[in-house]
Each structure stands twice: as structure tokens, then as C-alpha cells.
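Asks: Data: start_14.txt, compact mmCIF, C-alpha atoms and all ligand atoms.
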# COMPACT_ATOMS: atom_id res chain seq x y z
CA MET A 1 78.56 108.81 80.05
CA ALA A 2 75.34 110.76 80.55
CA LEU A 3 71.62 110.08 80.49
CA TYR A 4 68.52 112.18 79.89
CA CYS A 5 65.97 111.57 82.59
CA ARG A 6 62.22 110.91 82.51
CA ILE A 7 60.26 112.45 85.38
CA ALA A 8 56.76 111.69 86.63
CA PHE A 9 54.35 114.51 87.53
CA ARG A 10 50.64 114.00 88.43
CA GLY A 11 50.62 110.53 86.89
CA LYS A 12 52.16 111.65 83.60
CA SER A 13 55.69 111.03 82.52
CA PHE A 14 57.77 113.75 80.81
CA CYS A 15 61.10 113.58 79.09
CA CYS A 16 63.40 116.02 80.83
CA TYR A 17 66.38 117.37 78.96
CA ARG A 18 68.50 117.83 82.03
CA LEU A 19 71.73 115.93 81.55
CA LEU A 20 72.36 113.59 84.49
CA SER A 21 75.86 113.89 85.91
CA THR A 22 78.42 111.11 85.52
CA TYR A 23 78.12 110.46 89.24
CA VAL A 24 74.33 110.04 89.08
CA THR A 25 74.44 107.71 86.04
CA LYS A 26 77.12 105.61 87.72
CA THR A 27 75.08 105.39 90.93
CA ARG A 28 71.93 104.38 88.99
CA TYR A 29 73.94 101.75 87.10
CA LEU A 30 75.28 100.26 90.34
CA PHE A 31 71.72 100.17 91.70
CA GLU A 32 70.59 98.24 88.59
CA LEU A 33 73.46 95.77 88.95
CA LYS A 34 72.39 95.07 92.54
CA GLU A 35 68.71 94.67 91.64
CA ASP A 36 68.91 92.71 88.38
CA ASP A 37 70.87 89.43 88.23
CA ASP A 38 70.84 89.35 84.40
CA VAL A 39 72.30 92.84 84.09
CA CYS A 40 74.94 91.93 86.67
CA ARG A 41 75.82 88.67 84.88
CA LYS A 42 76.20 90.63 81.62
CA ALA A 43 78.41 93.21 83.36
CA GLN A 44 80.83 90.42 84.30
CA GLN A 45 81.60 89.90 80.60
CA THR A 46 83.34 93.28 80.43
CA GLY A 47 84.14 93.65 84.12
CA ALA A 48 87.34 93.38 86.15
CA PHE A 49 87.93 90.90 88.98
CA TYR A 50 90.02 91.35 92.14
CA LEU A 51 91.20 88.09 93.68
CA PHE A 52 91.38 87.07 97.33
CA HIS A 53 92.44 83.90 99.15
CA SER A 54 90.88 83.34 102.59
CA LEU A 55 90.12 87.11 102.74
CA ALA A 56 93.72 88.16 101.87
CA PRO A 57 93.91 90.22 98.64
CA LEU A 58 96.26 89.32 95.78
CA LEU A 59 98.96 92.03 95.64
CA GLN A 60 102.05 92.57 93.54
CA THR A 61 105.14 94.27 94.87
CA SER A 62 106.31 97.46 93.21
CA GLU A 63 109.02 99.85 94.48
CA HIS A 64 107.38 101.37 97.57
CA GLN A 65 103.75 100.39 97.10
CA TYR A 66 101.65 97.33 96.49
CA LEU A 67 99.89 97.08 93.14
CA VAL A 68 96.46 95.44 93.00
CA PRO A 69 96.13 93.28 89.85
CA ARG A 70 92.77 92.88 88.11
CA PHE A 71 91.62 90.11 85.79
CA SER A 72 89.10 89.90 82.95
CA LEU A 73 86.40 87.23 82.89
CA SER A 74 88.23 85.20 80.23
CA GLU A 75 91.51 85.35 82.21
CA LEU A 76 89.64 84.14 85.28
CA GLU A 77 87.95 81.31 83.38
CA ARG A 78 91.36 80.20 82.06
CA LEU A 79 92.81 80.28 85.57
CA LEU A 80 89.96 78.25 87.06
CA SER A 81 90.16 75.68 84.30
CA LYS A 82 93.92 75.33 84.89
CA PHE A 83 93.16 74.47 88.53
CA GLY A 84 90.43 71.99 87.57
CA GLN A 85 87.41 74.16 88.40
CA ASN A 86 84.59 75.29 86.16
CA ALA A 87 83.52 78.86 85.53
CA GLN A 88 80.47 78.46 87.79
CA ARG A 89 82.68 79.48 90.70
CA ILE A 90 82.62 83.03 89.34
CA GLU A 91 79.03 83.23 90.65
CA ASP A 92 80.58 83.45 94.15
CA SER A 93 81.99 86.88 93.29
CA VAL A 94 80.61 90.11 94.76
CA LEU A 95 80.16 93.51 93.14
CA ILE A 96 82.38 96.18 94.73
CA GLY A 97 81.98 99.18 92.42
CA CYS A 98 82.28 100.44 88.86
CA SER A 99 84.22 102.99 86.83
CA GLU A 100 82.73 106.17 85.35
CA GLN A 101 82.65 104.28 82.03
CA HIS A 102 80.52 101.57 83.68
CA GLU A 103 83.16 98.88 83.88
CA ALA A 104 81.89 96.79 86.80
CA TRP A 105 84.36 95.59 89.46
CA PHE A 106 84.01 92.29 91.30
CA ALA A 107 85.88 90.45 94.04
CA LEU A 108 86.25 86.68 94.25
CA ASP A 109 87.76 84.60 97.04
CA LEU A 110 89.50 81.45 95.81
CA GLY A 111 90.31 80.19 99.30
CA LEU A 112 86.88 80.11 100.96
CA ASN A 113 84.46 77.22 100.57
CA SER A 114 80.92 78.19 99.69
CA SER A 115 77.99 76.17 101.07
CA SER A 116 75.96 76.66 97.91
CA SER A 117 78.69 75.47 95.57
CA THR A 118 80.90 72.42 95.56
CA HIS A 119 83.99 74.54 95.08
CA ALA A 120 86.90 73.66 97.30
CA SER A 121 89.64 76.05 98.35
CA LEU A 122 92.31 76.43 95.67
CA PRO A 123 95.99 75.90 96.66
CA LYS A 124 97.42 79.27 97.76
CA SER A 125 101.10 78.95 96.84
CA GLU A 126 100.43 77.45 93.41
CA MET A 127 98.00 80.27 92.68
CA GLU A 128 100.55 82.88 93.83
CA THR A 129 103.16 81.46 91.45
CA GLU A 130 100.65 81.38 88.59
CA LEU A 131 99.40 84.93 89.29
CA LYS A 132 102.86 86.43 89.98
CA GLY A 133 101.76 87.95 93.27
CA SER A 134 101.07 87.16 96.93
CA PHE A 135 97.90 86.96 98.99
CA ILE A 136 98.75 89.37 101.81
CA GLU A 137 96.64 90.03 104.92
CA LEU A 138 94.97 93.40 104.34
CA ARG A 139 95.94 94.77 107.76
CA LYS A 140 99.63 94.11 107.03
CA ALA A 141 99.45 95.78 103.60
CA LEU A 142 97.77 98.98 104.86
CA PHE A 143 100.86 101.18 104.85
CA GLN A 144 101.74 100.36 101.23
CA LEU A 145 98.36 100.82 99.52
CA ASN A 146 97.09 104.01 97.94
CA PRO A 147 93.77 105.36 99.39
CA VAL A 148 91.69 104.38 96.32
CA ASP A 149 92.91 100.78 96.31
CA SER A 150 92.58 100.42 100.07
CA SER A 151 88.99 101.68 100.05
CA LEU A 152 88.05 99.20 97.31
CA LEU A 153 89.81 96.34 99.09
CA PHE A 154 88.11 97.30 102.41
CA THR A 155 84.71 96.99 100.70
CA ALA A 156 85.65 93.74 98.98
CA GLN A 157 87.05 92.08 102.09
CA SER A 158 84.07 93.12 104.22
CA LEU A 159 81.53 91.81 101.71
CA LEU A 160 83.38 88.52 101.18
CA HIS A 161 83.70 88.11 104.95
CA TRP A 162 79.99 88.78 105.49
CA HIS A 163 78.96 86.24 102.82
CA ASP A 164 81.31 83.66 104.30
CA GLY A 165 79.65 84.05 107.71
CA HIS A 166 76.04 84.11 106.48
CA GLN A 167 75.75 80.99 104.38
CA PHE A 168 72.92 79.54 106.47
CA CYS A 169 69.55 80.92 107.51
CA SER A 170 69.47 81.51 111.28
CA ARG A 171 65.74 80.57 111.33
CA SER A 172 65.56 77.46 109.09
CA GLY A 173 69.20 76.32 109.13
CA GLN A 174 69.00 75.93 105.32
CA PRO A 175 71.75 77.28 103.01
CA THR A 176 71.03 80.86 101.87
CA LYS A 177 71.55 81.94 98.27
CA LYS A 178 73.30 85.15 97.30
CA ASN A 179 72.09 87.36 94.44
CA MET A 180 74.54 87.94 91.57
CA ALA A 181 75.89 91.23 92.95
CA GLY A 182 76.18 89.90 96.50
CA SER A 183 74.10 92.76 97.91
CA LYS A 184 71.87 90.26 99.77
CA ARG A 185 71.25 86.57 100.58
CA VAL A 186 67.87 84.87 100.61
CA CYS A 187 66.70 81.72 102.37
CA PRO A 188 64.88 79.70 99.65
CA SER A 189 62.65 77.93 102.20
CA ASN A 190 61.18 80.93 104.07
CA LYS A 191 62.24 83.86 101.83
CA ILE A 192 63.97 85.73 104.67
CA ILE A 193 66.37 88.28 103.14
CA TYR A 194 69.73 88.96 104.80
CA TYR A 195 71.59 92.19 103.96
CA PRO A 196 75.30 92.86 104.64
CA GLN A 197 75.66 94.52 108.03
CA MET A 198 78.14 96.77 109.76
CA ALA A 199 78.35 97.81 113.40
CA PRO A 200 78.29 101.53 114.28
CA VAL A 201 81.37 102.53 116.30
CA VAL A 202 82.05 105.97 117.80
CA ILE A 203 85.58 107.32 117.96
CA THR A 204 86.27 110.48 119.94
CA LEU A 205 89.22 112.77 120.38
CA VAL A 206 88.76 114.40 123.78
CA SER A 207 90.46 117.74 124.46
CA ASP A 208 90.76 119.88 127.59
CA GLY A 209 91.48 122.99 125.54
CA THR A 210 95.26 122.63 125.39
CA ARG A 211 95.89 118.88 125.51
CA CYS A 212 94.23 115.85 123.90
CA LEU A 213 93.51 112.47 125.42
CA LEU A 214 94.88 109.35 123.76
CA ALA A 215 94.72 105.74 124.91
CA ARG A 216 96.09 102.32 124.05
CA GLN A 217 94.92 98.72 124.35
CA SER A 218 97.41 95.95 125.11
CA SER A 219 96.79 94.52 121.60
CA PHE A 220 98.07 97.73 119.90
CA PRO A 221 101.63 97.80 118.48
CA LYS A 222 104.18 99.06 121.04
CA GLY A 223 104.01 102.80 121.58
CA LEU A 224 100.80 103.31 119.58
CA TYR A 225 98.12 105.56 121.10
CA SER A 226 94.76 106.34 119.52
CA ALA A 227 91.49 108.18 120.16
CA LEU A 228 88.83 106.51 122.35
CA ALA A 229 86.61 104.11 120.41
CA GLY A 230 83.66 101.88 121.22
CA PHE A 231 80.69 100.03 119.74
CA CYS A 232 77.27 101.71 119.97
CA ASP A 233 74.82 99.86 122.21
CA MET A 234 71.34 98.94 120.99
CA GLY A 235 69.00 101.94 121.23
CA GLU A 236 71.77 104.56 121.65
CA SER A 237 72.24 107.74 119.64
CA VAL A 238 75.76 108.66 118.50
CA GLU A 239 75.88 111.40 121.18
CA GLU A 240 74.87 108.96 123.93
CA ALA A 241 77.40 106.38 122.75
CA VAL A 242 80.23 108.96 122.77
CA ARG A 243 79.38 110.16 126.30
CA ARG A 244 79.04 106.59 127.63
CA GLU A 245 82.27 105.30 126.01
CA VAL A 246 84.34 108.23 127.37
CA ALA A 247 82.81 107.81 130.86
CA GLU A 248 83.31 104.01 130.74
CA GLU A 249 86.89 104.03 129.49
CA VAL A 250 88.50 107.06 131.21
CA GLY A 251 85.92 108.24 133.79
CA LEU A 252 85.39 111.71 132.31
CA GLU A 253 82.19 113.66 131.54
CA LEU A 254 82.03 115.53 128.26
CA GLU A 255 80.96 119.11 127.82
CA ARG A 256 80.79 119.69 124.05
CA LEU A 257 80.66 117.32 121.11
CA GLN A 258 81.27 117.99 117.41
CA TYR A 259 80.92 115.55 114.52
CA SER A 260 83.95 115.36 112.21
CA ALA A 261 83.65 112.54 109.64
CA SER A 262 82.98 108.84 109.17
CA GLN A 263 84.81 105.86 107.71
CA HIS A 264 84.15 102.24 106.88
CA TRP A 265 86.62 100.04 108.81
CA PRO A 266 86.82 96.31 107.98
CA PHE A 267 88.81 95.06 111.01
CA PRO A 268 87.94 92.65 112.58
CA ASN A 269 84.36 92.90 111.21
CA SER A 270 82.75 95.74 109.26
CA SER A 271 82.28 98.87 111.34
CA LEU A 272 81.02 102.31 110.47
CA MET A 273 83.39 104.57 112.40
CA ILE A 274 81.70 107.85 113.40
CA ALA A 275 84.39 110.34 114.42
CA CYS A 276 83.85 113.28 116.80
CA HIS A 277 85.80 115.92 118.67
CA ALA A 278 84.79 116.53 122.28
CA THR A 279 85.82 118.70 125.20
CA VAL A 280 85.72 118.21 128.96
CA LYS A 281 84.86 120.95 131.46
CA PRO A 282 87.93 122.98 132.43
CA GLY A 283 89.46 121.58 135.59
CA GLN A 284 87.68 118.21 135.27
CA THR A 285 90.51 116.34 133.65
CA GLU A 286 91.51 113.62 136.09
CA ILE A 287 91.59 110.32 134.21
CA GLN A 288 90.49 107.03 135.79
CA VAL A 289 91.49 104.33 133.31
CA ASN A 290 89.19 101.32 133.03
CA LEU A 291 91.84 98.60 132.94
CA ARG A 292 89.37 96.03 131.61
CA GLU A 293 89.18 98.07 128.40
CA LEU A 294 92.47 99.94 128.14
CA GLU A 295 96.12 99.43 129.02
CA ALA A 296 96.80 103.16 129.44
CA ALA A 297 95.40 106.63 128.72
CA ALA A 298 97.04 110.04 129.08
CA TRP A 299 96.83 113.71 128.15
CA PHE A 300 99.29 114.76 125.43
CA SER A 301 100.47 118.28 124.65
CA TYR A 302 100.28 119.91 121.22
CA ALA A 303 104.07 119.56 120.78
CA GLU A 304 104.03 115.83 121.61
CA VAL A 305 101.14 115.07 119.24
CA ALA A 306 102.49 117.24 116.43
CA ALA A 307 105.86 115.42 116.68
CA ALA A 308 104.17 111.99 116.63
CA LEU A 309 102.17 112.93 113.53
CA LYS A 310 105.40 113.76 111.69
CA ARG A 311 107.03 110.45 112.66
CA LYS A 312 106.77 107.76 110.01
CA GLY A 313 105.76 104.16 110.84
CA THR A 314 105.20 102.77 114.32
CA TYR A 315 107.50 103.73 117.11
CA ILE A 316 109.70 101.10 118.68
CA GLN A 317 110.02 101.81 122.38
CA GLN A 318 113.44 102.89 123.56
CA GLN A 319 114.82 102.51 127.04
CA ASN A 320 114.49 105.36 129.57
CA GLN A 321 112.04 107.40 127.52
CA SER A 322 108.72 107.76 129.25
CA PHE A 323 106.52 109.42 126.63
CA PRO A 324 107.60 108.68 123.09
CA PHE A 325 104.65 107.38 121.17
CA SER A 326 103.13 106.98 117.71
CA VAL A 327 99.66 107.61 116.29
CA PRO A 328 97.56 105.48 113.88
CA PRO A 329 98.41 105.45 110.12
CA LYS A 330 97.00 108.00 107.67
CA LEU A 331 94.26 105.65 106.43
CA ALA A 332 92.67 105.39 109.89
CA ILE A 333 90.09 108.00 110.83
CA ALA A 334 91.80 108.32 114.23
CA HIS A 335 94.75 109.86 112.36
CA GLN A 336 92.43 112.37 110.71
CA LEU A 337 90.92 113.40 114.07
CA ILE A 338 94.39 113.88 115.58
CA LYS A 339 95.55 115.86 112.53
CA GLU A 340 92.49 118.14 112.70
CA TRP A 341 93.14 118.77 116.40
CA VAL A 342 96.81 119.62 115.73
CA GLU A 343 95.89 121.98 112.88
CA LYS A 344 93.31 123.74 115.05
CA HIS A 345 95.77 124.15 117.91
CA ALA A 346 98.77 125.12 115.77
CA CYS A 347 98.09 128.89 116.00
CA SER A 348 97.24 128.95 119.73
CA SER A 349 100.42 127.00 120.52
CA LEU A 350 102.82 129.50 118.94
CA PRO A 351 105.13 131.16 121.50
CA ASP A 352 104.16 134.77 122.37
N1 LIG U 1 89.79 103.35 112.02
C1 LIG U 1 90.26 103.82 113.16
O1 LIG U 1 90.85 104.90 113.21
C2 LIG U 1 90.03 103.06 114.45
C3 LIG U 1 90.65 103.52 115.64
C4 LIG U 1 90.38 102.84 116.83
C5 LIG U 1 89.52 101.73 116.84
N2 LIG U 1 88.97 101.30 115.66
C6 LIG U 1 88.05 100.15 115.64
O2 LIG U 1 86.97 100.43 116.50
C7 LIG U 1 86.43 99.21 116.98
C8 LIG U 1 85.90 99.37 118.38
O3 LIG U 1 86.90 99.81 119.30
P1 LIG U 1 87.08 99.09 120.72
O4 LIG U 1 87.70 97.76 120.54
O5 LIG U 1 87.80 100.06 121.58
O6 LIG U 1 85.55 98.90 121.19
P2 LIG U 1 84.92 98.83 122.67
O7 LIG U 1 85.53 99.89 123.53
O8 LIG U 1 83.42 98.86 122.51
O9 LIG U 1 85.42 97.47 123.26
C9 LIG U 1 85.31 96.25 122.56
C10 LIG U 1 84.38 95.31 123.35
O10 LIG U 1 83.05 95.72 123.14
C11 LIG U 1 82.18 94.59 123.11
N3 LIG U 1 81.29 94.73 121.93
C12 LIG U 1 80.07 95.32 121.95
N4 LIG U 1 79.50 95.32 120.72
C13 LIG U 1 80.37 94.70 119.89
C14 LIG U 1 80.35 94.38 118.50
N5 LIG U 1 79.32 94.72 117.69
N6 LIG U 1 81.45 93.78 117.96
C15 LIG U 1 82.51 93.47 118.74
N7 LIG U 1 82.57 93.74 120.07
C16 LIG U 1 81.52 94.35 120.65
C17 LIG U 1 83.08 93.36 123.16
O11 LIG U 1 83.04 92.87 124.47
C18 LIG U 1 84.46 93.88 122.86
O12 LIG U 1 85.48 93.18 123.54
C19 LIG U 1 87.56 98.17 116.84
O13 LIG U 1 87.07 97.14 116.01
C20 LIG U 1 88.70 98.89 116.17
O14 LIG U 1 89.26 98.13 115.09
C21 LIG U 1 89.21 101.94 114.48
MG MG U 2 87.26 101.08 123.32
Could you spell out this file's structure in C-alpha cells?
Ligand SMILES: NC(=O)c1ccc[n+]([C@@H]2O[C@H](COP(=O)([O-])OP(=O)(O)OC[C@H]3O[C@@H](n4cnc5c(N)ncnc54)[C@H](O)[C@@H]3O)[C@@H](O)[C@H]2O)c1
Ligand SMILES: [Mg+2]

Replies:
Amino acid sequence: MALYCRIAFRGKSFCCYRLLSTYVTKTRYLFELKEDDDVCRKAQQTGAFYLFHSLAPLLQTSEHQYLVPRFSLSELERLLSKFGQNAQRIEDSVLIGCSEQHEAWFALDLGLNSSSSTHASLPKSEMETELKGSFIELRKALFQLNPVDSSLLFTAQSLLHWHDGHQFCSRSGQPTKKNMAGSKRVCPSNKIIYYPQMAPVVITLVSDGTRCLLARQSSFPKGLYSALAGFCDMGESVEEAVRREVAEEVGLELERLQYSASQHWPFPNSSLMIACHATVKPGQTEIQVNLRELEAAAWFSYAEVAAALKRKGTYIQQQNQSFPFSVPPKLAIAHQLIKEWVEKHACSSLPD
């Protein structure tokens, strides 16, 4: 789908015959859906709905992967009526994206109670039988989802979670009302607008030139080591947050810092993960682990990290082996940082 655009110049408007790209028209359409409740309501007629129960997405088991079923508006209305609820509950759904053909995608949680509606939680097991699937905790399903589905479900779960936690105005105590798309909530009594929020988190892979530093918290699965991560403090730049987190957690001062990429991460609350590579000064590599934050931290050689990257799944610790370990799954940005480091060091690690 493409649009011709109208541009304004010195107060006059001109029709421009530049064809807008599919990406631009899709982006403009999503913007309209967020801004205009009527357009969004209309989009539900032809849209697709993803279902959740208490923030766990509905999934169906296939051979090696989970499939994510979608429902039309009429299928959803039929389902709600079967469980004794009216179609008004669909207004609790949130917009999570759209296709290039402008089919809008929504997510609806059938397990959460909304303050602004009288809708009670629907029975999970009966719904699972009816829908021929299971509501599975997103974190547990991570390994068996494709990247497109997981990204959509991350967005959906984060938005549903945010709405669930922001049903009341923190100033007036009155229930807030969401717009159709779920891109904001407004307090009807004082008009304060609340927008979905995420916390900036820095994640850093520190290298001393030949080794990289990985750490684990006691809550991690056995054997799992990751890059150093931490929430940004109020008023900090990304660079300041990276330097502080590394100093706080392992007692090292950084020399150089390089941005790599970013990722939205929904666990336990929405974070924007900002991933960097960093180096320490040669010779200044002695780690002092902050045991209030970490269980352990250590330098790992290229060979150790490259072997861990190749290993599938999480490692189950074996007796008498001091350093076997695993790294985070492919979907996590920590995995990407570690992979980039291994690729960069592959050539320099070849035997002479
Ligand atoms: N996607 C990935 O690859 C990846 C890898 C590692 C960590 N992470 C995520 O990064 C996040 C931060 O890592 P961490 O636990 O090491 O952080 P951290 O080192 O900052 O330690 C967490 C502590 O920071 C404090 N804190 C400050 N601001 C906070 C806020 N806005 N929300 C929650 N706690 C806050 C709390 O006391 C909390 O116990 C975690 O949520 C984790 O899920 C993602
Ligand atoms: Mg940390």
C-alpha cells in the first residue's frame, strides 16, 4: 500500500508525487490508530487479536516451536459470549502493531480484572480447552518462539502489564481511562495523561583485550553467566551509567566504550536495554565482586566463550568441573554482545 503525500511550504500546501514507502504508510497508519479512537475501533473489525491470561500468552504446541494463534473480532465476540461476557471487554485490548496491508493487531488479557470495567477474570483451564492451546509464561516459552513472534509478544505483555499497574491516578486516586489503542491513560478528574514507561538499563561486555568478563546472580539458572547489567540512575547519561555499574559490580574502571545495539526487554518490567562493549586498561584487571549484587564474576578466554556459544540450552553443572558455563539465549541482547566479541576475537585467537 502506498500514499502520495501533501507537503506544506510557506503556508501553501502542494501535492507531491513522491510515493511514500510501505514502511512510512504503515508508520503513519499506526500513529493514526493511536491518536484517533474511532479509527482504532474500526480497525478492530478487520484486525487480529492475540490472547493472554494473567500476562501469559496463549500458545499452541507444534513440533519444535510454539505457534501463536490469532483471532478475528467475530471469533472473540463468540468466545466471550460463550463465557457469559459481552463484547465490551474487547475495549480492554491494546494495539501492538499492524501488517504492511494495514491489518491491525491487538492483545487482550482475559485473566486480569480492569478497574474501569466490571469484567471478571475468565477461567483459565476452560478457556485453554476451548481455544486448543495453553497460556504459558512468556519467560518459559522464550526458547521455542521465533524472533518475530517473541518481539510482538514482548510488546503485548509489557503494554498489558503497564495498563494493569496504572489503573488509578497517583494524584487523585480516581480510576484512569485508557484510549482505544492503549497508548495512554487519562485521569478524567484532573486530565493528567499517563504514557507507558520503560526503564533504561545498560548492559556491558567488558574485555581486557584477550578475555571477556561475565557474571552471574544467584537467581540465574545454574551455570549461566551474562554481561554486566544495571538500571540507569536519574540524571545519568548512558556512558556514566556504564562506568558506574562496572565500578559498582566488579570494582573496575573502564578505558573505552562503544555502543552496540539496543533491545526492549519485558522482564520483570519493561526495560530498554542499551548494549555496549568496553575495555579496561591493560594490567588493571583484578576483579572485586560486589556480593550484594552478584554471586560471581570472572574473566573467560575466547575458547571458553566460543564453546559456550555453541552449546545449546542451559548447562547443568557437573561434578568436579570448575568452569563449564552457559550464556544467555539468542533472543537476549547479552547473547548478541558475546557473539560480537567472539567474532571480533576469532582471527586474533588463531594459533600462529
Ligand atoms: N536482555 C538481556 O540480555 C539481559 C541480560 C541481563 C540483564 N537483563 C535485565 O536487566 C535488568 C537489570 O539488571 P540487574 O538486575 O543486574 O540491575 P542492577 O544491577 O541495577 O540491580 C538491580 C537492583 O537495582 C535497583 N533498581 C534501581 N532502579 C530500578 C528499577 N527501575 N527497576 C528495578 N530495580 C531497580 C533495585 O534495588 C534492584 O534490586 C534486569 O531486569 C534483567 O532482566 C537483560
Ligand atoms: Mg546488575

Asks: For atom CA of A:Pro57 and atom CA of A:Lys177, quote the distance in Å rounded to one decimal.

Replies: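 Those two atoms sit 23.8 Å apart.
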
Asks: Rounded to one decimal in Å, what is the spacing between atom CA of A:Phe300 and atom CA of A:Val342?

Replies: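 Rounded to one decimal, the two atoms are 11.1 Å apart.
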
Asks: List every residue of chain A that has an atom at most 8 Å from any atom of ligand MG 2 (chain U), giving for each one its closest atom pair and the distance in Å to one decimal, counting only C-alpha atoms and all ligand atoms, sorted by chain and then by ascending residue number, as a tab-separated table.

Replies:
residue	atom	partner	partner_atom	distance
A:Leu228	CA	U:MG2	MG	5.7
A:Ala229	CA	U:MG2	MG	4.3
A:Gly230	CA	U:MG2	MG	4.2
A:Phe231	CA	U:MG2	MG	7.6
A:Glu245	CA	U:MG2	MG	7.1
A:Glu249	CA	U:MG2	MG	6.8
A:Glu293	CA	U:MG2	MG	6.2
A:Leu294	CA	U:MG2	MG	7.2

Asks: Given the choices A:His345, A:His102, A:Arg292, A:Arg171, which gets closest to A:Tyr194 if the distance is worked out from only C-alpha atoms?

Replies: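 Answer, going by the shortest atom-to-atom distance: A:Arg171.
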
Asks: Residues at most 8 Å from ligand LIG 1 (chain U), using only C-alpha atoms and all ligand atoms? Could they come as an MDAnalysis selection string?

Replies: chainID A and resid 199:203 217 226:233 245 249 263:269 271 273 293 328 331:335

Asks: Generate a file of the selected residues that holds C-alpha atoms, formatted as a compact mmCIF listing (two decimals), in the frame of the given file.

Replies:
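Resulting contents of out25.txt:
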# COMPACT_ATOMS: atom_id res chain seq x y z
CA ALA A 199 78.35 97.81 113.40
CA PRO A 200 78.29 101.53 114.28
CA VAL A 201 81.37 102.53 116.30
CA VAL A 202 82.05 105.97 117.80
CA ILE A 203 85.58 107.32 117.96
CA GLN A 217 94.92 98.72 124.35
CA SER A 226 94.76 106.34 119.52
CA ALA A 227 91.49 108.18 120.16
CA LEU A 228 88.83 106.51 122.35
CA ALA A 229 86.61 104.11 120.41
CA GLY A 230 83.66 101.88 121.22
CA PHE A 231 80.69 100.03 119.74
CA CYS A 232 77.27 101.71 119.97
CA ASP A 233 74.82 99.86 122.21
CA GLU A 245 82.27 105.30 126.01
CA GLU A 249 86.89 104.03 129.49
CA GLN A 263 84.81 105.86 107.71
CA HIS A 264 84.15 102.24 106.88
CA TRP A 265 86.62 100.04 108.81
CA PRO A 266 86.82 96.31 107.98
CA PHE A 267 88.81 95.06 111.01
CA PRO A 268 87.94 92.65 112.58
CA ASN A 269 84.36 92.90 111.21
CA SER A 271 82.28 98.87 111.34
CA MET A 273 83.39 104.57 112.40
CA GLU A 293 89.18 98.07 128.40
CA PRO A 328 97.56 105.48 113.88
CA LEU A 331 94.26 105.65 106.43
CA ALA A 332 92.67 105.39 109.89
CA ILE A 333 90.09 108.00 110.83
CA ALA A 334 91.80 108.32 114.23
CA HIS A 335 94.75 109.86 112.36

Asks: Any idea what's packed within 9 Å of A:Trp299, counting all atoms listed in the file, ignoring anything in its chain fewer than 2 positions away? Could you give it as number ranges by chain?

Replies: A: 207-208, 211-215, 285, 287, 297, 301

Asks: Provide the atom CA of A:Asn190 to atom CA of A:Gly165 distance in Å, to one decimal place.

Replies: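 One can read the atom CA of A:Asn190 to atom CA of A:Gly165 distance as 19.1 Å.
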
Asks: Which residue, A:Leu138, A:Val289, A:Val327, A:Leu337, has the smallest gap to A:Thr204 when you use all atoms listed in the file?

Replies: A:Leu337

Asks: Please provide as JSON, numbers by chain all residues within 12 Å of A:Lys191, with the sequence filter that same-chain residues fewer than 4 positions apart are discarded (counting only C-alpha atoms).

Replies: {"A": [169, 171, 172, 174, 175, 176, 177, 184, 185, 186, 187]}

Asks: With distances taken over all atoms listed in the file, which residue among A:Trp341, A:Phe31, A:Phe220, A:Tyr50 lies nearest A:Gln157?

Replies: A:Tyr50

Asks: I'd like to know which of A:Lys222, A:Val246, A:Glu130, A:Ile274 is closest to A:Phe325, using only C-alpha atoms.

Replies: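 Answer, going by the shortest atom-to-atom distance: A:Lys222.
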
Asks: Have a look at A:Ser237, A:Asn113, A:Thr129, A:Gln65 and name the one nearest to A:Leu79; count only C-alpha atoms.

Replies: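 For A:Leu79, the nearest of the candidates is A:Thr129.
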